[in-house]
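Read through the structure below, which is laid out as structure tokens, and then see the notes.
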Amino acid sequence: MKGSHKIYVILSTLLLTAVFYSIYYAPLFIGKLILLMILGALAESALVLFQKKPLRAYGLGSAFAAGLLTCSLPDKMPIWQLLIGVLFASWIVKPLLPRIGIRLNSALAARLLLMLLFPTECTTWGIASIDTLSTATPQELYRAEGAQLNLSMLLWGPIQGNWMDFYTLVPGSPGSNFPLLLLVMILFFSWKNLCNRYTILSYAFSFSIFNGLYGLDPLYNLITASSLFSMLFLFSDPYSTPKSIRGKILFGIIIGVANGWIRTATYYTEAMVFAVLIANIFTPVLDRLFPPAHTP
């Protein structure tokens with residue numbers, strides 16, 4: 001499949017996850033997502049025009065980054081705050097950071113910025129009452145109490161109810177709520193060579209080993225939180241990931257070990273943002289150590 005077609009397939013898949021989320025949880029979310037994706041495309045197009053470069057298929061990359069950012073944060077987060085992240089990704093991360101040798105995933109760099117600027121809004125997944133705590137993802141309940149959600153609820157949704165009248169179950173990030181859909185799309189993308197299979201496999205292997213060494217359920221840790229979402233949409237970013245096969249494998253191992261270590265050694269239950277950005281820092285080094293003989 002040609003590169004010009006790949007982005008349309010990937011964008012359509014991201015929109016599909018948003019449609020499912022809108023049907024199950026928040027009917028207006030799909031409209032919010034499309035609006036922010038359009039704003040992302042306009043932001044990148046405006047930058048290209050300002051730089052007096054030819055306006056071709058510009059904007060799709062920033063539209064996708066805007067979609068990823070929106071799908072990784074609470075659906076009730078204000079649009080103006082998300083727009084700050086979209087503009088940061090389009091006007092700072094992508095065009096300026098490479099000049100100093102840094103290639104970061106723009107959606108995750110923008111998410112990190114929003115986590116610093118608006119920590120409350122970025123972590124308000126549900127409304128906790130006096131007697132219960134809200135859990136953003138099944139990972140938080142699993143880490144705190146060792147409890148696992150019913151498999152049918154986890155795979156099909158909707159995530160709702162409570163656990164032991166102490167934890168209120170609420171949906172987490174819109175892009176990560178349908179593990180079965182994400183698994184099917186990972187298999188389809190792998191078959192069509194639309195995703196980075198080497199990084200996906202090395203991440204899944206290293207992350208599972210790390211969890212097993214700490215006595216955690218490897219499979220449950222893979223299908224909850226944002227692992228599947230990241231494997232499908234983030235690991236194949238050609239801008240911030242290594243070019244060679246060996247580089248891609250090591251890239252996945254770095255993410256798997258970093259994600260597992262941060263989860264177990266800190267209070268961050270979901271550490272994918274930090275893990276991928278850490279791996280991004282190693283991308284130039286991996287490209288120098290393992291230059292590709294050809295494009296895999």
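Each chain in the structure tokens gets a letter, A, B, ..., in the order shown, and its residues are numbered from 1; ligands are numbered from 1 in order too.
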
Name the residues of region 207-246 of chain A that fall into helix (DSSP H, G or I) according to DSSP on the backbone, using the chain letters and numbers of this document, as a list in words. Phe207, Ser208, Ile209, Phe210, Asn211, Gly212, Leu213, Pro218, Leu219, Tyr220, Asn221, Leu222, Ile223, Ser227, Leu228, Phe229, Ser230, Met231, Leu232, Phe233, Ile245 and Arg246 of chain A

Sort by chain and increasing residue number a table of all residues of region 220-247 of chain A within 10 Å of region 161-173 of chain A, each with its closest pair of atoms and their distance in Å to one decimal, counting only C-alpha atoms, and write it as CSV.
```
residue,atom,partner,partner_atom,distance
A:Ala225,CA,A:Gly172,CA,7.9
A:Ser226,CA,A:Ser173,CA,8.1
A:Phe229,CA,A:Ser173,CA,9.9
```

Let's have the selection written as a PDB file, in the first residue's frame, with all heavy atoms.
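See result.pdb below for the written result:
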```pdb
ATOM      1  N   ALA A 225      -5.228  -0.294  29.750  1.00  0.00           N
ATOM      2  CA  ALA A 225      -4.533   0.990  29.635  1.00  0.00           C
ATOM      3  C   ALA A 225      -4.236   1.286  28.162  1.00  0.00           C
ATOM      4  O   ALA A 225      -5.035   0.989  27.295  1.00  0.00           O
ATOM      5  CB  ALA A 225      -3.296   1.026  30.517  1.00  0.00           C
ATOM      6  N   SER A 226      -3.066   1.838  27.852  1.00  0.00           N
ATOM      7  CA  SER A 226      -2.839   2.359  26.498  1.00  0.00           C
ATOM      8  C   SER A 226      -1.846   1.560  25.670  1.00  0.00           C
ATOM      9  O   SER A 226      -1.399   2.031  24.622  1.00  0.00           O
ATOM     10  CB  SER A 226      -2.355   3.808  26.586  1.00  0.00           C
ATOM     11  OG  SER A 226      -1.105   3.869  27.259  1.00  0.00           O
ATOM     12  N   PHE A 229      -3.367   0.725  22.141  1.00  0.00           N
ATOM     13  CA  PHE A 229      -3.524   1.979  21.399  1.00  0.00           C
ATOM     14  C   PHE A 229      -2.172   2.471  20.897  1.00  0.00           C
ATOM     15  O   PHE A 229      -2.038   2.893  19.738  1.00  0.00           O
ATOM     16  CB  PHE A 229      -4.172   3.018  22.311  1.00  0.00           C
ATOM     17  CG  PHE A 229      -4.388   4.360  21.662  1.00  0.00           C
ATOM     18  CD1 PHE A 229      -5.459   4.583  20.815  1.00  0.00           C
ATOM     19  CD2 PHE A 229      -3.514   5.409  21.911  1.00  0.00           C
ATOM     20  CE1 PHE A 229      -5.648   5.817  20.217  1.00  0.00           C
ATOM     21  CE2 PHE A 229      -3.695   6.650  21.326  1.00  0.00           C
ATOM     22  CZ  PHE A 229      -4.778   6.860  20.471  1.00  0.00           C
TER      23      PHE A 229
END
```

Interatomic distance between CA of Phe205 (chain A) and CA of Asn280 (chain A)?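 Between CA of Phe205 (chain A) and CA of Asn280 (chain A) the gap works out to 19.2 Å.
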
Selection near Phe189 (chain A), 12 Å with only C-alpha atoms, sequence-local residues under 5 positions removed, as a VMD selection string: chain A and resid 1 6 to 7 9 to 10 13 182 to 184 194 to 197 200 231 to 233 236

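Comparing the minimum interatomic distances between Tyr239 (chain A) and each of A:Leu36, A:Ile253, A:Leu213, A:Ala65, counting only C-alpha atoms, we find that A:Ala65 sits nearest.
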
Give me, please, the distance in Å between CA of Phe178 (chain A) and CA of Thr266 (chain A), quoted to one decimal. 26.4 Å

For region 76-88 of chain A, please output as a ChimeraX atom specification all residues within 6 Å (counting only C-alpha atoms; exclusion window: fewer than 6 positions along the same chain). /A:40,66,110,121

For the residues selected in the previous step, produce a file with N, CA, C and O atoms as a compact mmCIF listing (two decimals), in the first residue's frame.
```txt
# COMPACT_ATOMS: atom_id res chain seq x y z
N GLY A 40 -5.93 20.99 13.55
CA GLY A 40 -4.54 20.55 13.41
C GLY A 40 -4.07 20.65 11.97
O GLY A 40 -2.95 21.12 11.70
N ALA A 66 -3.39 15.56 16.28
CA ALA A 66 -4.49 16.16 17.04
C ALA A 66 -5.50 15.09 17.46
O ALA A 66 -6.03 15.11 18.58
N ALA A 110 2.94 16.92 23.08
CA ALA A 110 1.86 17.85 23.40
C ALA A 110 1.09 17.39 24.63
O ALA A 110 0.68 18.21 25.47
N GLU A 121 -7.28 18.77 34.79
CA GLU A 121 -8.11 18.43 33.64
C GLU A 121 -7.62 17.16 32.95
O GLU A 121 -8.42 16.41 32.39
```

For Ala279 (chain A), list every protein, DNA or RNA residue within 12 Å, evaluated using only C-alpha atoms, and leave out those in the same chain fewer than 3 positions away; present the list as a ChimeraX atom specification. /A:102-105,108,199,203,234-235,240-242,247-259,272-276,282-286

Residues from the last selection, N, CA and C atoms, saved as a CSV table (one decimal), in the first residue's frame:
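Wrote part_25.csv, looks like this:
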```csv
chain,number,residue,atom,x,y,z
A,102,ILE,N,16.4,16.6,18.0
A,102,ILE,CA,15.4,15.9,18.8
A,102,ILE,C,14.2,15.6,18.0
A,103,ARG,N,13.8,14.4,17.9
A,103,ARG,CA,12.6,13.9,17.2
A,103,ARG,C,11.7,13.2,18.1
A,104,LEU,N,10.7,14.0,18.6
A,104,LEU,CA,9.7,13.4,19.5
A,104,LEU,C,8.4,13.2,18.8
A,105,ASN,N,7.6,12.2,19.3
A,105,ASN,CA,6.3,12.0,18.8
A,105,ASN,C,5.5,13.2,19.2
A,108,LEU,N,2.5,12.9,21.8
A,108,LEU,CA,2.9,12.7,23.2
A,108,LEU,C,3.6,13.8,23.8
A,199,THR,N,8.7,-3.3,16.3
A,199,THR,CA,8.6,-2.6,17.5
A,199,THR,C,7.4,-3.2,18.4
A,203,TYR,N,8.2,-4.8,21.9
A,203,TYR,CA,7.6,-4.1,23.1
A,203,TYR,C,6.8,-5.2,23.9
A,234,LEU,N,1.1,4.6,17.7
A,234,LEU,CA,2.3,5.4,18.0
A,234,LEU,C,3.6,4.8,17.6
A,235,PHE,N,3.7,3.5,17.6
A,235,PHE,CA,4.9,2.8,17.4
A,235,PHE,C,5.4,2.9,15.9
A,240,SER,N,9.5,9.9,14.3
A,240,SER,CA,10.2,9.8,15.6
A,240,SER,C,10.7,8.4,15.9
A,241,THR,N,10.6,7.5,15.0
A,241,THR,CA,11.1,6.1,15.3
A,241,THR,C,12.3,5.7,14.4
A,242,PRO,N,13.1,4.7,14.8
A,242,PRO,CA,14.2,4.3,14.0
A,242,PRO,C,13.9,3.8,12.6
A,247,GLY,N,17.1,-1.3,14.8
A,247,GLY,CA,16.7,-0.1,15.6
A,247,GLY,C,15.3,-0.2,16.1
A,248,LYS,N,14.4,-0.6,15.2
A,248,LYS,CA,13.0,-0.8,15.6
A,248,LYS,C,12.8,-1.8,16.8
A,249,ILE,N,13.6,-2.9,16.7
A,249,ILE,CA,13.5,-3.9,17.8
A,249,ILE,C,14.0,-3.3,19.1
A,250,LEU,N,15.1,-2.6,19.1
A,250,LEU,CA,15.7,-2.0,20.3
A,250,LEU,C,14.7,-0.9,20.8
A,251,PHE,N,14.1,-0.2,19.9
A,251,PHE,CA,13.2,0.9,20.2
A,251,PHE,C,12.0,0.3,21.0
A,252,GLY,N,11.5,-0.8,20.6
A,252,GLY,CA,10.4,-1.5,21.3
A,252,GLY,C,10.8,-2.0,22.7
A,253,ILE,N,12.0,-2.5,22.8
A,253,ILE,CA,12.5,-3.0,24.1
A,253,ILE,C,12.7,-1.8,25.0
A,254,ILE,N,13.2,-0.7,24.6
A,254,ILE,CA,13.3,0.5,25.4
A,254,ILE,C,12.0,0.9,26.0
A,255,ILE,N,11.0,0.9,25.1
A,255,ILE,CA,9.6,1.3,25.5
A,255,ILE,C,9.1,0.3,26.6
A,256,GLY,N,9.2,-1.0,26.3
A,256,GLY,CA,8.7,-2.0,27.2
A,256,GLY,C,9.3,-1.9,28.6
A,257,VAL,N,10.6,-1.8,28.6
A,257,VAL,CA,11.3,-1.7,29.9
A,257,VAL,C,11.0,-0.4,30.6
A,258,ALA,N,11.0,0.7,29.9
A,258,ALA,CA,10.7,2.0,30.5
A,258,ALA,C,9.3,2.0,31.1
A,259,ASN,N,8.3,1.5,30.3
A,259,ASN,CA,6.9,1.5,30.7
A,259,ASN,C,6.8,0.6,32.0
A,272,MET,N,3.0,5.3,29.5
A,272,MET,CA,3.4,5.2,28.1
A,272,MET,C,3.9,6.5,27.5
A,273,VAL,N,3.3,7.6,28.0
A,273,VAL,CA,3.8,8.9,27.5
A,273,VAL,C,5.3,9.1,27.7
A,274,PHE,N,5.7,8.8,28.9
A,274,PHE,CA,7.1,8.9,29.3
A,274,PHE,C,8.0,7.9,28.6
A,275,ALA,N,7.5,6.6,28.5
A,275,ALA,CA,8.2,5.5,27.9
A,275,ALA,C,8.5,5.8,26.4
A,276,VAL,N,7.5,6.3,25.7
A,276,VAL,CA,7.8,6.5,24.2
A,276,VAL,C,8.7,7.7,24.0
A,282,PHE,N,16.4,8.2,22.1
A,282,PHE,CA,17.4,7.3,21.6
A,282,PHE,C,17.3,7.1,20.1
A,283,THR,N,16.3,7.6,19.4
A,283,THR,CA,16.1,7.3,18.0
A,283,THR,C,17.3,7.8,17.1
A,284,PRO,N,17.8,9.0,17.3
A,284,PRO,CA,19.0,9.4,16.5
A,284,PRO,C,20.2,8.5,16.7
A,285,VAL,N,20.4,8.0,18.0
A,285,VAL,CA,21.5,7.2,18.3
A,285,VAL,C,21.3,5.8,17.6
A,286,LEU,N,20.1,5.3,17.7
A,286,LEU,CA,19.8,4.0,17.0
A,286,LEU,C,20.0,4.1,15.5
```
